[in-house]
Structure formats: C-alpha cells, structure tokens
Amino acid sequence: RDVPVRTSLGAMAITYFMVMLLAGANDVIADKFDISLNANYHQFDTVNTALVSRLGTAAVHTVMDNANHDRVGLPSSFTVPGLQTGFRFDDGDNTDCANYPQGITTSRDAVGTANSGNYDGHQLVLVSWYTNDSCGGTGERSRITLVDWDATYPNKYRKVLLVQPTGTATTPDFKDIPIHAGGVSWYGDYLYVADTGHGMRVFDMRKILKTNTGGTADQIGRQSDTVYYAHNYAYVLPQIGTITSNTTSGTSLAWSTISLDRVSASIVMTEYTCQSGCTAYPNRAPRAIRFPFTSGVFAATTTASQALQLPWYNLNGVASHNNRWWFNSSGQKKLYYWTPAAGATTYSWVGSGESISYWEDTTNPDLLWTLQEGVGNRNVFAVTQSSYDG
C-alpha cells in the first residue's frame, strides 16, 4: 500500500537530457525529465540543540544494549528462490493491524563492507513503519526498528519514534511525523525517509534522544522543562532537515520508496502508480529517478543524474547497483530486473512486498533484503542477488 500525493511541488530544476535506451513494448524507457532536489540539513538546528541539552543523546550501541524485543526465525513454510536468511518480528508486531513495516536499509548501506558492515559496533537491519490511529484508521505517526544482525549480539530489536522538532530554543518540543515512511536509506550518519508528496526527511543517527517512558500512550512531547514523553517510547529520533523535489515537467514525483546505491553514491526512488482506475494513486506510468550525493550529502541543489520511465505498476520497492535495477510490484507479485544493455527480466515474487535494499558482501554472495507488510505475514528476508539478475 501507499498513500496518495496531495501536495503540488514548486518548479525549480536544471534541465538535463536522457536518450531513449530501449524501445521494446516491455522494456524500460529512459526519457527527458526536468527534476532536481533542494536540501536543507540545518532546518531544525536551534531546537535540536536545545533538545539535546535537555534530554541527552543515546548512541546506537546504547539503544541496542537496551533492545527489548526478540526477533524470531522465518516460518518453515516460507520459501522463495535464492532465500538465504531472514526473520520475523515478535508476535505482537507481526499481528499488529495498526502498524505497518515499509522501508528497509542496513548498516551495510551506512558504512559499506568496512568493519564487517558494523555501525557503532553493530550490524543492523533498519525497518521504517507507519502507525494508524486504529486498525484501518488514519495515519498518525512513524517510527523505525533497529534489528541486530550479528551473531555476536542477541537476536534483539528496539523501536525508535520519529519526531519533528517544534517550539523554541527556550521551550523546545517535538511532535509526531504522520507520514507513510514508504522507503528508507541510511548513508553515513544520515537516515533518509521517503515523504510521499514532498521528497525525503533527514535524520542524524548520532542524535537519538532519550525520553521519559512514563505518562500515557497518547502523550507526546514536552510536559515540563525536564519531562518529555513519546507514547512510552524510550528513544526518539528528531528530524534535522528536509529534501524537497522539484520538477518542470508538470507532474510531481510520488516518493513511494527509496534505496541507496553505494557504488554510484546515490539514492534511487520510484513511484507507486496505477495503470488505470485508481482514485487514491496516480494513473500514469511510474518513474525511477537517481539523485547523486556530493561528498556524502546532497548539495543545496542537486540535479537528477538518471531518469527512467517504467512500464510496470504498483511498485513498492526499488534497488540499484552497478547500473542494474530491481523493481518490486506488490500488486502484481513480480520482481523486475533491468539493465540498459540486456533489457528486462520478470520473476514471480511474494505478495505484500515492500522496499528493497542491496547488501554488498566481500566474502559471501551479495544479497537483496526486502520485507512483507501483511498482518501475520511480516517476513523480512534476504535472497542472493544473482538469483534475480537476468
């Protein structure tokens, strides 16, 4: 599932040209788009500085030392070609009809293969979630889950609430972020979370805040100078900035999902659209866009370096590595693989499939990590990428 685009984006772009790569009816076609990003990593500096002063920060290793949920193994009945490993969340999270996992990234995205893919001493799988106010209700907040994925540590995970800073330097505060969180990418210390109609929200993994776990489940933010609640969460991750997208093509981007490509130091995104008949989603061909980093971050203005118009629909996942692309369609239960030279290959895939993350490994096969959002069927799993490379 995804959410409709409700916001019209401003037009501010630098024109670039792509040539048609393939013309077959079932192939990806690269076209001309005028698309750029505007980045602000310091949007909330004043309030965040005050929040850190009052609450203090918890390093990732501290959060994981206090992990309070047990992940469990994949069910024996689950199978997919190339399956290597995976897990499920505990029973409470697996069957929770008000919370849905969406995006996936790992510490291998953050640091690459250095130090066996460990960030702050832990090899991690990170999953983004959105929360409804009730089962089948309206979205009201979002969070991430940090899952230990290293034999040195227990099979634990911890939930961290995503929040937006509010207030002032003298009375700093924060509030919920009610977005779909359909995709997530971790690069260096920065975490990027897709915000469907706008672009991405940026977070700093070095600035996880400690909060009070008292109060009631509906309380959020500042209660006094010394007490801050977060729906009983012990940790919150405050937004530090915003990445907004702009286009002069007349059709705003729908940021359904994102993924990191470490090889080209870029984030790729794609759109969830319908071929026809949808009222909540765009009825048009989707696009996949690549945005390059500059020295580990996005420049104040970044022009897209690659734009693809796709022949597939209901796309929930995208990944790219060495000029190879994968697209997951939950609605079609297909995984599409494409390169400019070889064209497209279609594979049968799981239902309720969501985002994809490429796991590069120097000693073992490279993997594609992904997950399913369906209630009672939330498998988080990795397959060998070579099983889906055409």
# chains A, B, ... in the order shown; residues from 1 in each chain; ligands from 1
>>> select_by_dssp(residues="segment 51-160 of chain A", states="alpha helix (DSSP H)", output="list of chain:residue names")
A:Leu51, A:Val52, A:Ser53, A:Arg54, A:Leu55, A:Val60, A:His61, A:Thr62, A:Val63, A:Met64, A:Asp65, A:Asp91, A:Gly92, A:Asp93, A:Asn94, A:Ser107, A:Arg108, A:Asp109, A:Ala110, A:Val111
>>> closest_atom_pairs(of="segment 123-203 of chain A", to="segment 239-263 of chain A", cutoff="8 Å", atoms="only C-alpha atoms", output="Markdown table")
| residue | atom | partner | partner_atom | distance |
| --- | --- | --- | --- | --- |
| A:Leu162 | CA | A:Gln239 | CA | 7.3 |
| A:Val163 | CA | A:Gln239 | CA | 6.2 |
| A:Gln164 | CA | A:Gln239 | CA | 5.2 |
| A:Pro165 | CA | A:Gln239 | CA | 6.7 |
| A:Gly182 | CA | A:Thr257 | CA | 5.1 |
| A:Gly183 | CA | A:Thr257 | CA | 4.0 |
| A:Val184 | CA | A:Ile258 | CA | 5.9 |
| A:Ser185 | CA | A:Ser259 | CA | 5.4 |
| A:Trp186 | CA | A:Leu260 | CA | 7.3 |
| A:Tyr187 | CA | A:Leu260 | CA | 7.5 |
| A:Val193 | CA | A:Ile258 | CA | 8.0 |
| A:Ala194 | CA | A:Trp255 | CA | 5.9 |
| A:Asp195 | CA | A:Trp255 | CA | 6.2 |
| A:Thr196 | CA | A:Trp255 | CA | 4.3 |
| A:Gly197 | CA | A:Ala254 | CA | 5.6 |
| A:His198 | CA | A:Thr244 | CA | 5.6 |
| A:Gly199 | CA | A:Thr244 | CA | 4.6 |
| A:Met200 | CA | A:Ile243 | CA | 5.0 |
| A:Arg201 | CA | A:Thr242 | CA | 4.7 |
| A:Val202 | CA | A:Gly241 | CA | 5.0 |
| A:Phe203 | CA | A:Gln239 | CA | 4.7 |
>>> residues_around(residues="Phe327 of chain A", least_positions_apart="6", cutoff="10 Å", atoms="only C-alpha atoms", output="compact mmCIF listing (two decimals) with N, CA and C atoms, in the first residue's frame")
# COMPACT_ATOMS: atom_id res chain seq x y z
N THR A 270 11.36 5.42 -6.67
CA THR A 270 10.36 5.13 -7.69
C THR A 270 8.98 5.43 -7.14
N ALA A 288 11.44 6.18 -12.28
CA ALA A 288 12.51 5.89 -11.33
C ALA A 288 13.60 6.93 -11.56
N LEU A 310 8.91 3.80 -16.57
CA LEU A 310 8.79 2.36 -16.43
C LEU A 310 7.47 1.84 -17.00
N TRP A 312 5.88 -0.76 -15.67
CA TRP A 312 5.27 -1.58 -14.63
C TRP A 312 4.53 -0.70 -13.62
N TYR A 313 3.63 -1.32 -12.86
CA TYR A 313 2.77 -0.56 -11.97
C TYR A 313 2.76 -1.18 -10.57
N ASN A 314 2.15 -0.45 -9.62
CA ASN A 314 2.05 -0.91 -8.23
C ASN A 314 3.43 -1.19 -7.64
N LEU A 315 4.38 -0.29 -7.88
CA LEU A 315 5.75 -0.52 -7.44
C LEU A 315 5.95 -0.07 -6.00
N ASN A 316 6.40 -0.99 -5.16
CA ASN A 316 6.67 -0.70 -3.75
C ASN A 316 8.15 -0.74 -3.41
N GLY A 317 8.97 -1.28 -4.30
CA GLY A 317 10.38 -1.44 -3.99
C GLY A 317 11.27 -1.14 -5.18
N VAL A 318 12.46 -0.61 -4.90
CA VAL A 318 13.45 -0.33 -5.93
C VAL A 318 14.84 -0.54 -5.33
N ALA A 319 15.76 -1.02 -6.14
CA ALA A 319 17.17 -1.10 -5.75
C ALA A 319 18.00 -0.97 -7.02
N SER A 320 19.21 -0.46 -6.86
CA SER A 320 20.12 -0.31 -8.00
C SER A 320 21.54 -0.55 -7.53
N LYS A 334 5.42 -9.45 -8.62
CA LYS A 334 6.52 -9.61 -9.56
C LYS A 334 7.74 -8.85 -9.07
N LEU A 335 8.92 -9.39 -9.39
CA LEU A 335 10.17 -8.68 -9.21
C LEU A 335 10.78 -8.51 -10.59
N TYR A 336 11.00 -7.26 -11.00
CA TYR A 336 11.52 -6.96 -12.32
C TYR A 336 13.00 -6.59 -12.20
N TYR A 337 13.80 -7.16 -13.11
CA TYR A 337 15.22 -6.84 -13.19
C TYR A 337 15.48 -6.20 -14.54
N TRP A 338 16.31 -5.12 -14.54
CA TRP A 338 16.54 -4.41 -15.79
C TRP A 338 17.94 -3.83 -15.83
N THR A 346 11.46 -10.75 -15.82
CA THR A 346 10.40 -10.73 -14.81
C THR A 346 10.42 -12.03 -14.02
N GLU A 354 7.47 -5.07 -0.10
CA GLU A 354 7.75 -3.65 0.10
C GLU A 354 9.14 -3.30 -0.43
N SER A 355 9.88 -2.49 0.29
CA SER A 355 11.14 -1.93 -0.19
C SER A 355 12.23 -2.99 -0.34
N ILE A 356 13.29 -2.60 -1.03
CA ILE A 356 14.44 -3.47 -1.29
C ILE A 356 15.71 -2.73 -0.89
>>> residues_around(residues="segment 368-371 of chain A", least_positions_apart="2", cutoff="7 Å", atoms="only C-alpha atoms", output="ChimeraX atom specification")
/A:104,353-359,373,378-385
>>> write_last_selection(atoms="N, CA, C and O atoms", output="PDB file, in the first residue's frame")
ATOM      1  N   ILE A 104      13.258  -0.515   4.119  1.00  0.00           N
ATOM      2  CA  ILE A 104      14.333  -1.317   4.703  1.00  0.00           C
ATOM      3  C   ILE A 104      15.671  -0.790   4.217  1.00  0.00           C
ATOM      4  O   ILE A 104      15.840  -0.414   3.056  1.00  0.00           O
ATOM      5  N   GLY A 353       4.805  -7.338  -0.869  1.00  0.00           N
ATOM      6  CA  GLY A 353       6.220  -6.978  -0.874  1.00  0.00           C
ATOM      7  C   GLY A 353       6.411  -5.474  -0.779  1.00  0.00           C
ATOM      8  O   GLY A 353       5.630  -4.697  -1.327  1.00  0.00           O
ATOM      9  N   GLU A 354       7.472  -5.072  -0.101  1.00  0.00           N
ATOM     10  CA  GLU A 354       7.750  -3.649   0.096  1.00  0.00           C
ATOM     11  C   GLU A 354       9.142  -3.301  -0.425  1.00  0.00           C
ATOM     12  O   GLU A 354       9.540  -3.771  -1.470  1.00  0.00           O
ATOM     13  N   SER A 355       9.880  -2.492   0.295  1.00  0.00           N
ATOM     14  CA  SER A 355      11.136  -1.926  -0.190  1.00  0.00           C
ATOM     15  C   SER A 355      12.228  -2.987  -0.341  1.00  0.00           C
ATOM     16  O   SER A 355      12.119  -4.101   0.176  1.00  0.00           O
ATOM     17  N   ILE A 356      13.295  -2.596  -1.033  1.00  0.00           N
ATOM     18  CA  ILE A 356      14.437  -3.471  -1.286  1.00  0.00           C
ATOM     19  C   ILE A 356      15.713  -2.728  -0.888  1.00  0.00           C
ATOM     20  O   ILE A 356      15.835  -1.521  -1.107  1.00  0.00           O
ATOM     21  N   SER A 357      16.682  -3.452  -0.332  1.00  0.00           N
ATOM     22  CA  SER A 357      17.989  -2.897  -0.024  1.00  0.00           C
ATOM     23  C   SER A 357      19.069  -3.862  -0.497  1.00  0.00           C
ATOM     24  O   SER A 357      18.998  -5.061  -0.228  1.00  0.00           O
ATOM     25  N   TYR A 358      20.072  -3.324  -1.211  1.00  0.00           N
ATOM     26  CA  TYR A 358      21.173  -4.152  -1.709  1.00  0.00           C
ATOM     27  C   TYR A 358      22.229  -4.301  -0.615  1.00  0.00           C
ATOM     28  O   TYR A 358      22.701  -3.317  -0.054  1.00  0.00           O
ATOM     29  N   TRP A 359      22.598  -5.542  -0.322  1.00  0.00           N
ATOM     30  CA  TRP A 359      23.582  -5.877   0.717  1.00  0.00           C
ATOM     31  C   TRP A 359      24.846  -6.372   0.020  1.00  0.00           C
ATOM     32  O   TRP A 359      24.886  -7.474  -0.505  1.00  0.00           O
ATOM     33  N   GLU A 373       4.591  -6.584   4.273  1.00  0.00           N
ATOM     34  CA  GLU A 373       3.862  -5.775   5.253  1.00  0.00           C
ATOM     35  C   GLU A 373       2.599  -6.444   5.793  1.00  0.00           C
ATOM     36  O   GLU A 373       2.016  -5.972   6.759  1.00  0.00           O
ATOM     37  N   ARG A 378       4.690 -11.011   8.200  1.00  0.00           N
ATOM     38  CA  ARG A 378       5.734  -9.995   8.042  1.00  0.00           C
ATOM     39  C   ARG A 378       7.115 -10.629   8.024  1.00  0.00           C
ATOM     40  O   ARG A 378       7.880 -10.540   8.984  1.00  0.00           O
ATOM     41  N   ASN A 379       7.420 -11.254   6.902  1.00  0.00           N
ATOM     42  CA  ASN A 379       8.730 -11.861   6.718  1.00  0.00           C
ATOM     43  C   ASN A 379       9.714 -10.801   6.232  1.00  0.00           C
ATOM     44  O   ASN A 379       9.452 -10.091   5.262  1.00  0.00           O
ATOM     45  N   VAL A 380      10.848 -10.700   6.925  1.00  0.00           N
ATOM     46  CA  VAL A 380      11.962  -9.849   6.496  1.00  0.00           C
ATOM     47  C   VAL A 380      13.052 -10.806   6.041  1.00  0.00           C
ATOM     48  O   VAL A 380      13.529 -11.621   6.836  1.00  0.00           O
ATOM     49  N   PHE A 381      13.436 -10.748   4.779  1.00  0.00           N
ATOM     50  CA  PHE A 381      14.294 -11.811   4.263  1.00  0.00           C
ATOM     51  C   PHE A 381      15.267 -11.310   3.213  1.00  0.00           C
ATOM     52  O   PHE A 381      15.103 -10.220   2.653  1.00  0.00           O
ATOM     53  N   ALA A 382      16.297 -12.116   2.991  1.00  0.00           N
ATOM     54  CA  ALA A 382      17.335 -11.791   2.025  1.00  0.00           C
ATOM     55  C   ALA A 382      17.490 -12.937   1.032  1.00  0.00           C
ATOM     56  O   ALA A 382      17.502 -14.109   1.420  1.00  0.00           O
ATOM     57  N   VAL A 383      17.627 -12.582  -0.236  1.00  0.00           N
ATOM     58  CA  VAL A 383      17.873 -13.554  -1.307  1.00  0.00           C
ATOM     59  C   VAL A 383      19.181 -13.201  -1.986  1.00  0.00           C
ATOM     60  O   VAL A 383      19.616 -12.048  -1.972  1.00  0.00           O
ATOM     61  N   THR A 384      19.835 -14.177  -2.584  1.00  0.00           N
ATOM     62  CA  THR A 384      21.041 -13.898  -3.362  1.00  0.00           C
ATOM     63  C   THR A 384      20.658 -13.055  -4.578  1.00  0.00           C
ATOM     64  O   THR A 384      19.757 -13.407  -5.328  1.00  0.00           O
ATOM     65  N   GLN A 385      21.362 -11.950  -4.772  1.00  0.00           N
ATOM     66  CA  GLN A 385      21.028 -11.079  -5.898  1.00  0.00           C
ATOM     67  C   GLN A 385      21.241 -11.788  -7.232  1.00  0.00           C
ATOM     68  O   GLN A 385      20.544 -11.496  -8.212  1.00  0.00           O
TER      69      GLN A 385
END
>>> atom_distance(atom1="atom CA of Pro292 of chain A", atom2="atom CA of Asp120 of chain A")
25.3 Å
>>> closest_residue(among="A:Thr302, A:Gln332, A:Thr226, A:Thr171", to="Asn40 of chain A", atoms="only C-alpha atoms")
A:Thr302
>>> closest_residue(among="A:Gly376, A:Gly117, A:Pro75, A:Gly103", to="Thr145 of chain A", atoms="only C-alpha atoms")
A:Gly103
